[in-house]
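S.K.: Next comes the structure file start22.cif, holding mmCIF, C-alpha atoms.
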data_my_file
#
loop_
_atom_site.label_atom_id
_atom_site.label_comp_id
_atom_site.auth_asym_id
_atom_site.auth_seq_id
_atom_site.Cartn_x
_atom_site.Cartn_y
_atom_site.Cartn_z
CA MET Z 1 0.00 0.00 0.00
CA GLN Z 2 1.33 3.43 -0.93
CA GLU Z 3 2.30 5.89 1.80
CA LEU Z 4 -0.51 8.16 3.00
CA ASN Z 5 -0.07 11.90 2.56
CA PRO Z 6 -2.32 13.51 5.18
CA VAL Z 7 -1.17 17.07 4.40
CA LEU Z 8 -2.20 16.73 0.74
CA PHE Z 9 -5.49 15.14 1.75
CA LEU Z 10 -6.28 17.85 4.31
CA THR Z 11 -5.43 20.54 1.75
CA ASP Z 12 -7.92 19.03 -0.66
CA LEU Z 13 -10.53 18.88 2.09
CA ALA Z 14 -9.95 22.58 2.81
CA VAL Z 15 -10.53 23.42 -0.87
CA LEU Z 16 -13.70 21.32 -0.96
CA ALA Z 17 -14.93 22.92 2.26
CA LEU Z 18 -14.46 26.40 0.75
CA CYS Z 19 -16.37 25.33 -2.37
CA GLY Z 20 -19.18 23.82 -0.29
CA ALA Z 21 -19.52 26.82 2.02
CA LEU Z 22 -19.52 29.31 -0.85
CA ALA Z 23 -22.09 27.31 -2.83
CA ALA Z 24 -24.42 27.17 0.17
CA ILE Z 25 -24.35 30.93 0.82
CA LEU Z 26 -24.60 32.11 -2.80
CA PRO Z 27 -28.35 32.84 -2.56
CA ALA Z 28 -27.66 35.21 0.35
CA LEU Z 29 -25.05 37.07 -1.74
CA THR Z 30 -27.25 37.54 -4.81
CA ARG Z 31 -29.36 40.66 -5.30
CA LYS Z 32 -32.82 40.37 -3.77
CA SER Z 33 -34.39 41.03 -7.16
CA TYR Z 34 -33.19 37.62 -8.41
CA LEU Z 35 -34.21 34.16 -7.25
CA PHE Z 36 -31.94 31.54 -8.81
CA GLY Z 37 -31.60 33.51 -12.02
CA VAL Z 38 -35.29 34.49 -12.20
CA LYS Z 39 -36.26 38.15 -11.91
CA ILE Z 40 -38.79 38.67 -9.11
CA PRO Z 41 -40.18 41.62 -7.15
CA MET Z 42 -37.58 42.53 -4.53
CA GLU Z 43 -40.11 42.41 -1.68
CA GLU Z 44 -41.04 38.80 -2.56
CA ARG Z 45 -37.53 37.47 -1.92
CA GLY Z 46 -38.43 36.99 1.74
CA SER Z 47 -41.74 35.25 1.08
CA PRO Z 48 -42.23 31.74 2.58
CA ALA Z 49 -42.33 30.16 -0.90
CA ALA Z 50 -39.03 31.79 -1.94
CA ARG Z 51 -37.37 30.86 1.34
CA HIS Z 52 -38.52 27.26 0.87
CA ILE Z 53 -36.77 27.08 -2.53
CA ILE Z 54 -33.60 28.52 -1.01
CA ARG Z 55 -33.64 26.04 1.88
CA ARG Z 56 -34.03 23.11 -0.52
CA TYR Z 57 -31.08 24.35 -2.57
CA VAL Z 58 -28.87 24.76 0.51
CA ALA Z 59 -29.81 21.27 1.73
CA ALA Z 60 -28.99 19.80 -1.69
CA CYS Z 61 -25.58 21.56 -1.70
CA LEU Z 62 -24.74 20.26 1.78
CA LEU Z 63 -25.82 16.74 0.80
CA ALA Z 64 -23.65 16.94 -2.33
CA PHE Z 65 -20.72 18.16 -0.26
CA ALA Z 66 -21.12 15.23 2.16
CA ALA Z 67 -21.26 12.75 -0.74
CA VAL Z 68 -18.15 14.16 -2.44
CA LEU Z 69 -16.37 14.20 0.92
CA ALA Z 70 -17.22 10.52 1.47
CA LEU Z 71 -15.98 9.62 -2.01
CA HIS Z 72 -12.75 11.50 -1.42
CA ALA Z 73 -12.20 9.76 1.93
CA ALA Z 74 -12.75 6.38 0.25
CA GLN Z 75 -10.26 7.29 -2.49
CA TYR Z 76 -7.70 8.38 0.10
CA LEU Z 77 -7.98 5.12 2.03
CA LEU Z 78 -8.02 2.82 -1.01
CA ALA Z 79 -5.60 4.65 -3.36
CA PRO Z 80 -3.66 7.31 -1.42
CA GLY Z 81 -1.10 7.64 -4.19
CA LYS Z 82 -3.77 9.17 -6.44
CA THR Z 83 -4.68 11.98 -4.04
CA ALA Z 84 -2.88 14.55 -6.22
CA VAL Z 85 -5.05 13.50 -9.18
CA SER Z 86 -8.19 13.65 -7.09
CA MET Z 87 -7.38 17.26 -6.19
CA LEU Z 88 -8.04 18.07 -9.83
CA TYR Z 89 -11.37 16.32 -10.14
CA PHE Z 90 -13.25 16.38 -6.85
CA PRO Z 91 -13.83 20.17 -7.00
CA LEU Z 92 -15.18 19.67 -10.54
CA LEU Z 93 -17.40 16.87 -9.27
CA PHE Z 94 -18.78 19.14 -6.58
CA GLY Z 95 -19.30 21.89 -9.18
CA ALA Z 96 -21.40 19.47 -11.24
CA ALA Z 97 -23.36 18.52 -8.11
CA GLN Z 98 -24.00 22.19 -7.35
CA LEU Z 99 -25.35 22.65 -10.88
CA LEU Z 100 -27.71 19.73 -10.31
CA ALA Z 101 -28.89 21.46 -7.11
CA PHE Z 102 -29.33 24.79 -8.92
CA LEU Z 103 -31.42 23.57 -11.85
CA PRO Z 104 -34.45 22.36 -9.78
CA ALA Z 105 -34.30 25.63 -7.80
CA TRP Z 106 -34.32 27.65 -11.04
CA LYS Z 107 -37.31 25.69 -12.36
CA ALA Z 108 -39.12 26.14 -9.04
CA ALA Z 109 -38.46 29.89 -9.14
CA LEU Z 110 -39.85 30.11 -12.69
CA ARG Z 111 -42.91 28.13 -11.66
CA LEU Z 112 -43.44 30.31 -8.58
CA LYS Z 113 -43.22 33.50 -10.63
CA ARG Z 114 -45.74 32.14 -13.14
CA GLU Z 115 -48.17 30.92 -10.48
CA ARG Z 116 -48.06 34.18 -8.53
CA GLY Z 117 -48.31 36.28 -11.67
CA TRP Z 118 -45.37 38.45 -10.69
CA GLN Z 119 -44.84 41.22 -13.22
CA VAL Z 120 -41.40 42.78 -13.15
CA SER Z 121 -39.99 45.59 -15.26
CA GLY Z 122 -37.74 44.45 -18.08
CA ALA Z 123 -34.76 46.45 -16.86
CA ALA Z 124 -34.38 46.90 -13.12
CA PHE Z 125 -30.73 47.89 -13.44
CA ALA Z 126 -29.73 50.37 -16.14
CA GLU Z 127 -26.17 50.90 -17.28
CA THR Z 128 -24.50 54.25 -16.80
CA SER Z 129 -24.30 56.39 -19.92
CA SER Z 130 -21.09 58.10 -18.75
CA SER Z 131 -17.92 56.23 -19.60
CA SER Z 132 -16.18 58.00 -16.72
CA ALA Z 133 -18.49 56.14 -14.33
CA ARG Z 134 -16.76 52.95 -15.36
CA GLY Z 135 -13.66 54.00 -13.50
CA ASN Z 136 -10.22 54.70 -14.92
CA LEU Z 137 -6.90 52.94 -14.66
CA ARG Z 138 -5.88 55.12 -11.72
CA ALA Z 139 -8.41 53.12 -9.68
CA LEU Z 140 -6.44 49.95 -10.39
CA PRO Z 141 -4.43 48.75 -7.33
CA TRP Z 142 -1.09 49.13 -9.11
CA GLY Z 143 0.97 48.16 -6.07
CA TRP Z 144 -0.05 44.50 -6.22
CA TYR Z 145 0.80 44.21 -9.93
CA ALA Z 146 4.08 46.12 -9.54
CA ALA Z 147 5.12 43.74 -6.74
CA SER Z 148 4.12 40.74 -8.88
CA LEU Z 149 6.15 42.04 -11.82
CA ALA Z 150 9.12 42.54 -9.48
CA VAL Z 151 8.87 38.89 -8.40
CA VAL Z 152 8.81 37.69 -12.01
CA ALA Z 153 11.72 39.97 -13.01
CA ALA Z 154 13.83 38.95 -10.00
CA CYS Z 155 13.37 35.24 -10.78
CA ALA Z 156 14.23 35.77 -14.45
CA ALA Z 157 17.33 37.80 -13.53
CA ALA Z 158 18.50 35.19 -10.98
CA THR Z 159 17.98 32.46 -13.58
CA LEU Z 160 20.05 34.28 -16.22
CA VAL Z 161 22.87 34.96 -13.73
CA LYS Z 162 22.96 31.31 -12.68
CA TYR Z 163 22.62 29.91 -16.21
CA PRO Z 164 26.34 29.76 -17.21
CA SER Z 165 27.22 27.65 -14.16
CA LEU Z 166 24.38 25.16 -14.55
CA PRO Z 167 25.20 21.53 -15.48
CA GLU Z 168 24.41 20.29 -18.97
CA VAL Z 169 21.42 18.34 -17.66
CA ILE Z 170 19.00 20.02 -15.22
CA PRO Z 171 15.88 18.86 -13.35
CA THR Z 172 12.65 20.03 -14.97
CA HIS Z 173 9.99 18.42 -12.78
CA PHE Z 174 9.60 17.68 -9.08
CA ASP Z 175 7.32 15.39 -7.09
CA ILE Z 176 5.15 16.40 -4.16
CA ASN Z 177 8.20 16.32 -1.87
CA MET Z 178 10.14 18.62 -4.25
CA GLU Z 179 12.47 15.81 -5.30
CA PRO Z 180 13.44 15.84 -9.02
CA ASP Z 181 11.84 13.10 -11.10
CA ALA Z 182 12.52 14.39 -14.65
CA TRP Z 183 15.57 15.99 -16.35
CA SER Z 184 16.29 17.80 -19.63
CA PRO Z 185 19.32 19.25 -21.45
CA LYS Z 186 20.16 22.80 -20.38
CA SER Z 187 18.84 25.59 -22.61
CA LEU Z 188 17.62 29.15 -22.20
CA GLY Z 189 14.16 28.13 -23.29
CA THR Z 190 14.00 25.48 -20.58
CA VAL Z 191 15.18 27.64 -17.67
CA LEU Z 192 13.09 30.65 -18.72
CA ALA Z 193 9.90 28.64 -19.29
CA VAL Z 194 8.59 29.18 -15.76
CA PRO Z 195 9.30 32.96 -15.67
CA LEU Z 196 7.64 33.37 -19.09
CA VAL Z 197 4.56 31.39 -18.04
CA ASN Z 198 4.51 33.42 -14.83
CA LEU Z 199 4.63 36.63 -16.85
CA GLY Z 200 1.75 35.42 -19.02
CA THR Z 201 -0.30 34.60 -15.92
CA LEU Z 202 0.44 38.06 -14.53
CA LEU Z 203 -0.73 39.70 -17.76
CA LEU Z 204 -3.94 37.65 -17.72
CA MET Z 205 -4.68 38.68 -14.14
CA PHE Z 206 -3.85 42.29 -14.99
CA VAL Z 207 -6.33 42.29 -17.88
CA THR Z 208 -8.95 40.80 -15.54
CA GLY Z 209 -8.30 43.62 -13.07
CA ILE Z 210 -8.74 46.19 -15.85
CA ALA Z 211 -12.03 44.54 -16.86
CA ILE Z 212 -13.34 44.92 -13.32
CA VAL Z 213 -12.35 48.59 -13.18
CA ARG Z 214 -13.66 49.45 -16.65
CA ALA Z 215 -16.90 47.46 -16.51
CA LYS Z 216 -20.02 49.61 -16.87
CA LEU Z 217 -21.89 50.09 -13.63
CA GLN Z 218 -25.45 48.83 -13.36
CA ILE Z 219 -27.31 51.47 -11.40
CA ASP Z 220 -30.64 51.00 -9.64
CA PRO Z 221 -32.78 53.87 -11.07
CA GLN Z 222 -34.78 54.05 -7.84
CA ARG Z 223 -31.67 54.48 -5.66
CA PRO Z 224 -28.93 55.76 -7.97
CA ALA Z 225 -26.72 57.40 -5.32
CA LEU Z 226 -26.71 54.36 -3.02
CA SER Z 227 -26.21 51.94 -5.92
CA PHE Z 228 -23.32 53.98 -7.32
CA ALA Z 229 -21.61 54.19 -3.91
CA GLN Z 230 -22.01 50.43 -3.38
CA HIS Z 231 -20.48 49.68 -6.77
CA ARG Z 232 -17.47 51.93 -6.17
CA ILE Z 233 -16.64 50.29 -2.82
CA TYR Z 234 -17.22 46.81 -4.21
CA ARG Z 235 -14.98 47.47 -7.19
CA ARG Z 236 -12.20 48.77 -4.94
CA LEU Z 237 -12.40 45.79 -2.57
CA MET Z 238 -12.53 43.28 -5.42
CA GLY Z 239 -9.60 44.99 -7.14
CA HIS Z 240 -7.39 44.61 -4.06
CA ALA Z 241 -8.48 41.00 -3.51
CA LEU Z 242 -7.65 40.17 -7.12
CA GLY Z 243 -4.31 41.98 -6.83
CA PHE Z 244 -3.44 39.98 -3.71
CA LEU Z 245 -4.34 36.78 -5.56
CA THR Z 246 -2.10 37.83 -8.47
CA LEU Z 247 0.88 38.38 -6.18
CA ALA Z 248 0.31 35.05 -4.45
CA ILE Z 249 0.11 33.16 -7.76
CA THR Z 250 3.29 34.73 -9.14
CA ALA Z 251 5.13 34.06 -5.86
CA MET Z 252 3.94 30.45 -5.80
CA MET Z 253 4.98 29.84 -9.41
CA ALA Z 254 8.36 31.43 -8.72
CA LEU Z 255 8.93 29.16 -5.72
CA ALA Z 256 7.99 26.15 -7.84
CA GLY Z 257 10.41 27.11 -10.63
CA LEU Z 258 13.49 28.16 -8.66
CA PRO Z 259 14.65 24.58 -7.80
CA MET Z 260 15.29 24.07 -11.52
CA VAL Z 261 18.29 26.41 -11.36
CA PHE Z 262 18.87 26.40 -7.59
CA PRO Z 263 18.59 22.71 -6.60
CA GLU Z 264 19.43 23.52 -3.00
CA PHE Z 265 16.29 25.69 -2.71
CA LYS Z 266 13.15 23.91 -1.55
CA ALA Z 267 10.15 25.93 -0.44
CA PRO Z 268 8.35 24.40 2.56
CA PHE Z 269 4.95 22.96 1.79
CA TRP Z 270 3.27 25.14 4.40
CA LEU Z 271 4.37 28.25 2.49
CA THR Z 272 2.83 26.97 -0.74
CA LEU Z 273 -0.35 26.10 1.14
CA LEU Z 274 -0.43 29.57 2.69
CA LEU Z 275 0.00 31.24 -0.70
CA THR Z 276 -2.90 29.16 -1.99
CA LEU Z 277 -5.42 29.55 0.80
CA LEU Z 278 -4.86 33.12 2.01
CA PRO Z 279 -5.72 34.98 -1.24
CA VAL Z 280 -8.65 32.66 -1.96
CA ALA Z 281 -9.96 33.28 1.56
CA ALA Z 282 -9.54 37.04 1.04
CA LEU Z 283 -11.46 36.89 -2.24
CA ILE Z 284 -14.29 34.90 -0.64
CA ALA Z 285 -14.34 37.33 2.31
CA VAL Z 286 -14.90 40.25 -0.08
CA VAL Z 287 -17.71 38.40 -1.84
CA VAL Z 288 -19.41 37.47 1.44
CA TYR Z 289 -18.97 40.93 2.95
CA ALA Z 290 -20.06 42.97 -0.07
CA GLY Z 291 -22.59 40.75 -1.86
CA GLN Z 292 -23.36 40.98 -5.56
CA GLY Z 293 -22.13 44.30 -6.92
CA GLY Z 294 -21.85 45.57 -3.34
CA CYS Z 295 -25.58 45.13 -2.65
CA LYS Z 296 -24.91 44.24 1.01
CA LEU Z 297 -22.81 47.33 1.67
CA LYS Z 298 -24.32 50.27 3.51
CA PRO Z 299 -22.25 53.35 2.61
CA LYS Z 300 -23.27 56.78 3.83
CA VAL Z 301 -25.05 58.68 1.05
CA THR Z 302 -25.72 62.31 1.87
CA GLU Z 303 -27.45 63.37 -1.33
CA GLU Z 304 -28.95 61.88 -4.43
CA GLY Z 305 -26.45 61.86 -7.26
CA GLY Z 306 -24.23 59.58 -9.22
CA PRO Z 307 -24.30 58.98 -12.96
CA ALA Z 308 -27.56 58.95 -14.83
CA PRO Z 309 -28.75 55.65 -16.27
CA ALA Z 310 -28.53 55.20 -20.03
CA GLY Z 311 -32.17 55.77 -20.90
CA LYS Z 312 -35.40 54.96 -19.13
CA ASN Z 313 -35.60 51.38 -20.30
CA GLY Z 314 -31.99 50.49 -19.63
CA VAL Z 315 -30.35 47.75 -21.67
CA PRO Z 316 -33.00 46.08 -23.87
CA GLY Z 317 -33.63 42.46 -22.97
CA ARG Z 318 -31.14 42.15 -20.11
CA GLY Z 319 -33.95 41.98 -17.57
CA ASP Z 320 -35.90 39.42 -19.60
CA ASP Z 321 -35.78 35.87 -18.17
CA GLN Z 322 -35.84 34.49 -21.70
CA SER Z 323 -32.42 36.05 -22.34
CA TRP Z 324 -30.89 33.95 -19.54
CA ALA Z 325 -30.51 30.26 -20.40
CA LEU Z 326 -30.90 28.16 -17.24
CA GLY Z 327 -30.93 31.45 -15.34
CA MET Z 328 -27.15 31.70 -15.67
CA PHE Z 329 -26.05 32.16 -19.29
CA TYR Z 330 -26.91 35.50 -20.88
CA HIS Z 331 -27.47 35.65 -24.64
CA ASN Z 332 -28.81 38.81 -26.28
CA ARG Z 333 -27.72 39.90 -29.76
CA GLU Z 334 -29.24 43.35 -29.25
CA ASP Z 335 -27.00 44.03 -26.25
CA PRO Z 336 -23.53 45.25 -27.31
CA ALA Z 337 -22.04 44.44 -23.90
CA VAL Z 338 -19.55 41.60 -23.58
CA LEU Z 339 -19.37 41.58 -19.76
CA VAL Z 340 -22.56 41.64 -17.70
CA GLU Z 341 -23.47 41.10 -14.07
CA ASP Z 342 -24.54 37.55 -13.32
CA ARG Z 343 -27.93 36.72 -11.84
CA PHE Z 344 -26.62 34.24 -9.28
CA GLY Z 345 -23.66 34.79 -7.02
CA SER Z 346 -21.35 37.77 -7.01
CA ASN Z 347 -19.37 37.90 -10.19
CA LEU Z 348 -19.31 39.02 -13.80
CA GLY Z 349 -20.57 36.92 -16.67
CA PHE Z 350 -20.57 37.07 -20.46
CA ASN Z 351 -23.02 37.84 -23.20
CA TYR Z 352 -22.74 34.55 -25.03
CA ALA Z 353 -24.43 35.98 -28.12
CA ARG Z 354 -21.29 38.01 -28.93
CA LEU Z 355 -18.82 36.39 -31.33
CA PRO Z 356 -15.68 37.34 -29.33
CA VAL Z 357 -17.18 35.62 -26.29
CA LYS Z 358 -17.97 32.48 -28.26
CA ILE Z 359 -14.41 32.32 -29.60
CA GLY Z 360 -12.88 33.09 -26.21
CA VAL Z 361 -14.98 30.54 -24.33
CA ALA Z 362 -14.27 27.85 -26.94
CA ALA Z 363 -10.52 28.55 -26.75
CA PHE Z 364 -10.63 28.49 -22.94
CA LEU Z 365 -12.50 25.19 -22.83
CA LEU Z 366 -10.03 23.59 -25.23
CA ALA Z 367 -7.05 24.88 -23.24
CA PHE Z 368 -8.71 23.82 -19.98
CA ALA Z 369 -9.36 20.28 -21.25
CA ALA Z 370 -5.85 19.96 -22.66
CA GLY Z 371 -4.30 21.25 -19.43
CA TYR Z 372 -6.37 18.87 -17.33
CA ALA Z 373 -5.45 15.93 -19.55
CA TRP Z 374 -1.75 16.80 -19.31
CA LEU Z 375 -1.87 17.26 -15.52
CA THR Z 376 -3.84 14.03 -15.10
CA VAL Z 377 -1.23 11.98 -16.96
CA LEU Z 378 1.60 13.73 -15.13
CA LEU Z 379 0.18 13.31 -11.63
CA TRP Z 380 -1.03 9.78 -12.32
CA ASN Z 381 2.47 8.67 -13.27
CA VAL Z 382 3.96 10.42 -10.25
CA GLY Z 383 1.44 8.73 -7.95
#
Show me this structure written as structure tokens.
M.R.:
Amino acid sequence: MQELNPVLFLTDLAVLALCGALAAILPALTRKSYLFGVKIPMEERGSPAARHIIRRYVAACLLAFAAVLALHAAQYLLAPGKTAVSMLYFPLLFGAAQLLAFLPAWKAALRLKRERGWQVSGAAFAETSSSSARGNLRALPWGWYAASLAVVAACAAATLVKYPSLPEVIPTHFDINMEPDAWSPKSLGTVLAVPLVNLGTLLLMFVTGIAIVRAKLQIDPQRPALSFAQHRIYRRLMGHALGFLTLAITAMMALAGLPMVFPEFKAPFWLTLLLTLLPVAALIAVVVYAGQGGCKLKPKVTEEGGPAPAGKNGVPGRGDDQSWALGMFYHNREDPAVLVEDRFGSNLGFNYARLPVKIGVAAFLLAFAAGYAWLTVLLWNVG
């Protein structure tokens, strides 16, 4: 029987616990005008029927979490050497289980709205007409990205300085205990692969940060000043949380790549675990504290103001349930927006009717599948 790795197992349990807890509280983070992707009167969110649907969803999520946890425990006891592989797939399994819990809740919300005859305006949240209300790049938390770039540059510089004295064959892969298990001939491309991938990751996170800052605000026409203030605080908090995550990722990738050129350097596992959990916990804390688009925040608003919505009817079709497949996937050819606010949870989504989104999502899914296949083979052989 292969040696048990309790630290790896407990790390995976921590990730699953975060996923389970976040899935269970998502209804509480969503705007009160949405019930599982269905637009409802805000005052009806607290009705007994709506609360019953929410309770059933939470119970289903907790049951799914318990089932996935039991499966993972069985895997750990029967095949402990495959725990690294299971870390890839058990979160996906729970994600699929959460979707199965969401779909009946969405159908129940649609049925409840139809039975009660709830009539809701087609556009409860209008976009701001002023581009300045989107925010500018000065609002971006530059310090996090500057520190991340410094980490990437320092690792690349240290690698280039060390390169002439490296042996002709260098380690290129390490097992869970940071012991080399694969080697390759020395070359600049090999030793700079990790810094270049790290730089690409940094750029991707930077673009994501810009998207958050530059996204059009969706303002509640009935309470424009409060809605605008909530959005500004939410955007600032989310920007810092994403910046912290960016720095943690670049630091973690740098620690993983340094042993290739500095074999004597081995980062302790607790440090890698800390760099993984802390920024994720910070991101979840922002989501829980602020709610969707900052709807749970209570900033002081002294006077009515803020940017004016773009027209009385807002964005055509965005408030229509028929434009949201399964209550989650927005598709509206008349809407020029690429990024929109989701109807469930506390994040941004896409307008899947736009061609750039279709191409981008297809490319991401292909890259995701290829990356998972590569990691599966790699970790399976290591285990």
S.K.: Which one is closest to Pro171 in chain Z: Z:Phe364, Z:Phe262, Z:Pro224, Z:Trp106? Count all atoms listed in the file.
M.R.: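 Smallest separation from Pro171 in chain Z among the options: Z:Phe262.
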S.K.: Would you write out, as a PyMOL selection string, every residue that the PyMOL selection byres ((chain Z and resi 34-47) around 8) captures in this file?
M.R.: chain Z and resi 27+30-33+48-51+102+105-106+109-110+113+118-120+319-321+324+326-328+343-344
S.K.: For the atom pair CA of Tyr145 in chain Z and CA of Thr208 in chain Z, what is the interatomic distance in Å to one decimal place?
M.R.: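 CA of Thr208 in chain Z lies 11.8 Å from CA of Tyr145 in chain Z.
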S.K.: Selection in question (the file shown): the PyMOL selection byres ((chain Z and resi 276-287) around 12). Which residues does it include, as a ChimeraX atom specification?
M.R.: /Z:11-19,21-23,25-26,28-30,233-253,269-275,288-297,345-347
S.K.: Restricting the calculation to all atoms listed in the file: of Z:Ala70, Z:Ala156, Z:Leu203, Z:Ala353, which residue gets closest to Ala325 in chain Z?
M.R.: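 Among the listed residues, the smallest separation from Ala325 in chain Z belongs to Z:Ala353.
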S.K.: Considering only C-alpha atoms, state which residue in the set Z:Leu103, Z:Ala73, Z:Ala254, Z:Leu365 is at the smallest distance from Ala193 in chain Z.
M.R.: Z:Ala254
S.K.: As a check of understanding, name the residues that the PyMOL selection byres ((chain Z and resi 90) around 10) selects in the supplied structure, as a PyMOL selection string.
M.R.: chain Z and resi 12-13+15-16+68-69+71-72+85-89+91-96
S.K.: Would you fill out range 24-38 of chain Z with N, CA and C atoms and return it as a PDB file, in the frame of the given file?
M.R.:
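Result file follows (rebuild.pdb):
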ATOM      1  N   ALA Z  24     -23.251  27.126  -0.693  1.00  0.00           N
ATOM      2  CA  ALA Z  24     -24.420  27.170   0.170  1.00  0.00           C
ATOM      3  C   ALA Z  24     -24.898  28.591   0.456  1.00  0.00           C
ATOM      4  N   ILE Z  25     -23.969  29.553   0.466  1.00  0.00           N
ATOM      5  CA  ILE Z  25     -24.350  30.930   0.820  1.00  0.00           C
ATOM      6  C   ILE Z  25     -24.580  31.820  -0.394  1.00  0.00           C
ATOM      7  N   LEU Z  26     -24.417  31.285  -1.600  1.00  0.00           N
ATOM      8  CA  LEU Z  26     -24.600  32.110  -2.800  1.00  0.00           C
ATOM      9  C   LEU Z  26     -25.964  32.797  -2.876  1.00  0.00           C
ATOM     10  N   PRO Z  27     -27.066  32.125  -2.503  1.00  0.00           N
ATOM     11  CA  PRO Z  27     -28.350  32.840  -2.560  1.00  0.00           C
ATOM     12  C   PRO Z  27     -28.380  34.093  -1.685  1.00  0.00           C
ATOM     13  N   ALA Z  28     -27.679  34.056  -0.550  1.00  0.00           N
ATOM     14  CA  ALA Z  28     -27.660  35.210   0.350  1.00  0.00           C
ATOM     15  C   ALA Z  28     -26.821  36.354  -0.210  1.00  0.00           C
ATOM     16  N   LEU Z  29     -25.920  36.042  -1.173  1.00  0.00           N
ATOM     17  CA  LEU Z  29     -25.050  37.070  -1.740  1.00  0.00           C
ATOM     18  C   LEU Z  29     -25.658  37.712  -2.982  1.00  0.00           C
ATOM     19  N   THR Z  30     -26.638  37.053  -3.572  1.00  0.00           N
ATOM     20  CA  THR Z  30     -27.250  37.540  -4.810  1.00  0.00           C
ATOM     21  C   THR Z  30     -28.235  38.674  -4.510  1.00  0.00           C
ATOM     22  N   ARG Z  31     -28.388  39.573  -5.456  1.00  0.00           N
ATOM     23  CA  ARG Z  31     -29.360  40.660  -5.300  1.00  0.00           C
ATOM     24  C   ARG Z  31     -30.747  40.094  -4.998  1.00  0.00           C
ATOM     25  N   LYS Z  32     -31.506  40.832  -4.177  1.00  0.00           N
ATOM     26  CA  LYS Z  32     -32.820  40.370  -3.770  1.00  0.00           C
ATOM     27  C   LYS Z  32     -33.834  40.389  -4.910  1.00  0.00           C
ATOM     28  N   SER Z  33     -33.478  41.015  -6.013  1.00  0.00           N
ATOM     29  CA  SER Z  33     -34.390  41.030  -7.160  1.00  0.00           C
ATOM     30  C   SER Z  33     -34.251  39.787  -8.027  1.00  0.00           C
ATOM     31  N   TYR Z  34     -33.358  38.871  -7.660  1.00  0.00           N
ATOM     32  CA  TYR Z  34     -33.190  37.620  -8.410  1.00  0.00           C
ATOM     33  C   TYR Z  34     -33.385  36.434  -7.474  1.00  0.00           C
ATOM     34  N   LEU Z  35     -34.060  35.419  -7.967  1.00  0.00           N
ATOM     35  CA  LEU Z  35     -34.210  34.160  -7.250  1.00  0.00           C
ATOM     36  C   LEU Z  35     -33.761  33.047  -8.171  1.00  0.00           C
ATOM     37  N   PHE Z  36     -32.542  32.593  -7.984  1.00  0.00           N
ATOM     38  CA  PHE Z  36     -31.940  31.540  -8.810  1.00  0.00           C
ATOM     39  C   PHE Z  36     -32.049  31.868 -10.296  1.00  0.00           C
ATOM     40  N   GLY Z  37     -31.644  33.084 -10.626  1.00  0.00           N
ATOM     41  CA  GLY Z  37     -31.600  33.510 -12.020  1.00  0.00           C
ATOM     42  C   GLY Z  37     -32.916  34.003 -12.572  1.00  0.00           C
ATOM     43  N   VAL Z  38     -33.959  34.033 -11.762  1.00  0.00           N
ATOM     44  CA  VAL Z  38     -35.290  34.490 -12.200  1.00  0.00           C
ATOM     45  C   VAL Z  38     -35.550  35.857 -11.580  1.00  0.00           C
TER      46      VAL Z  38
END
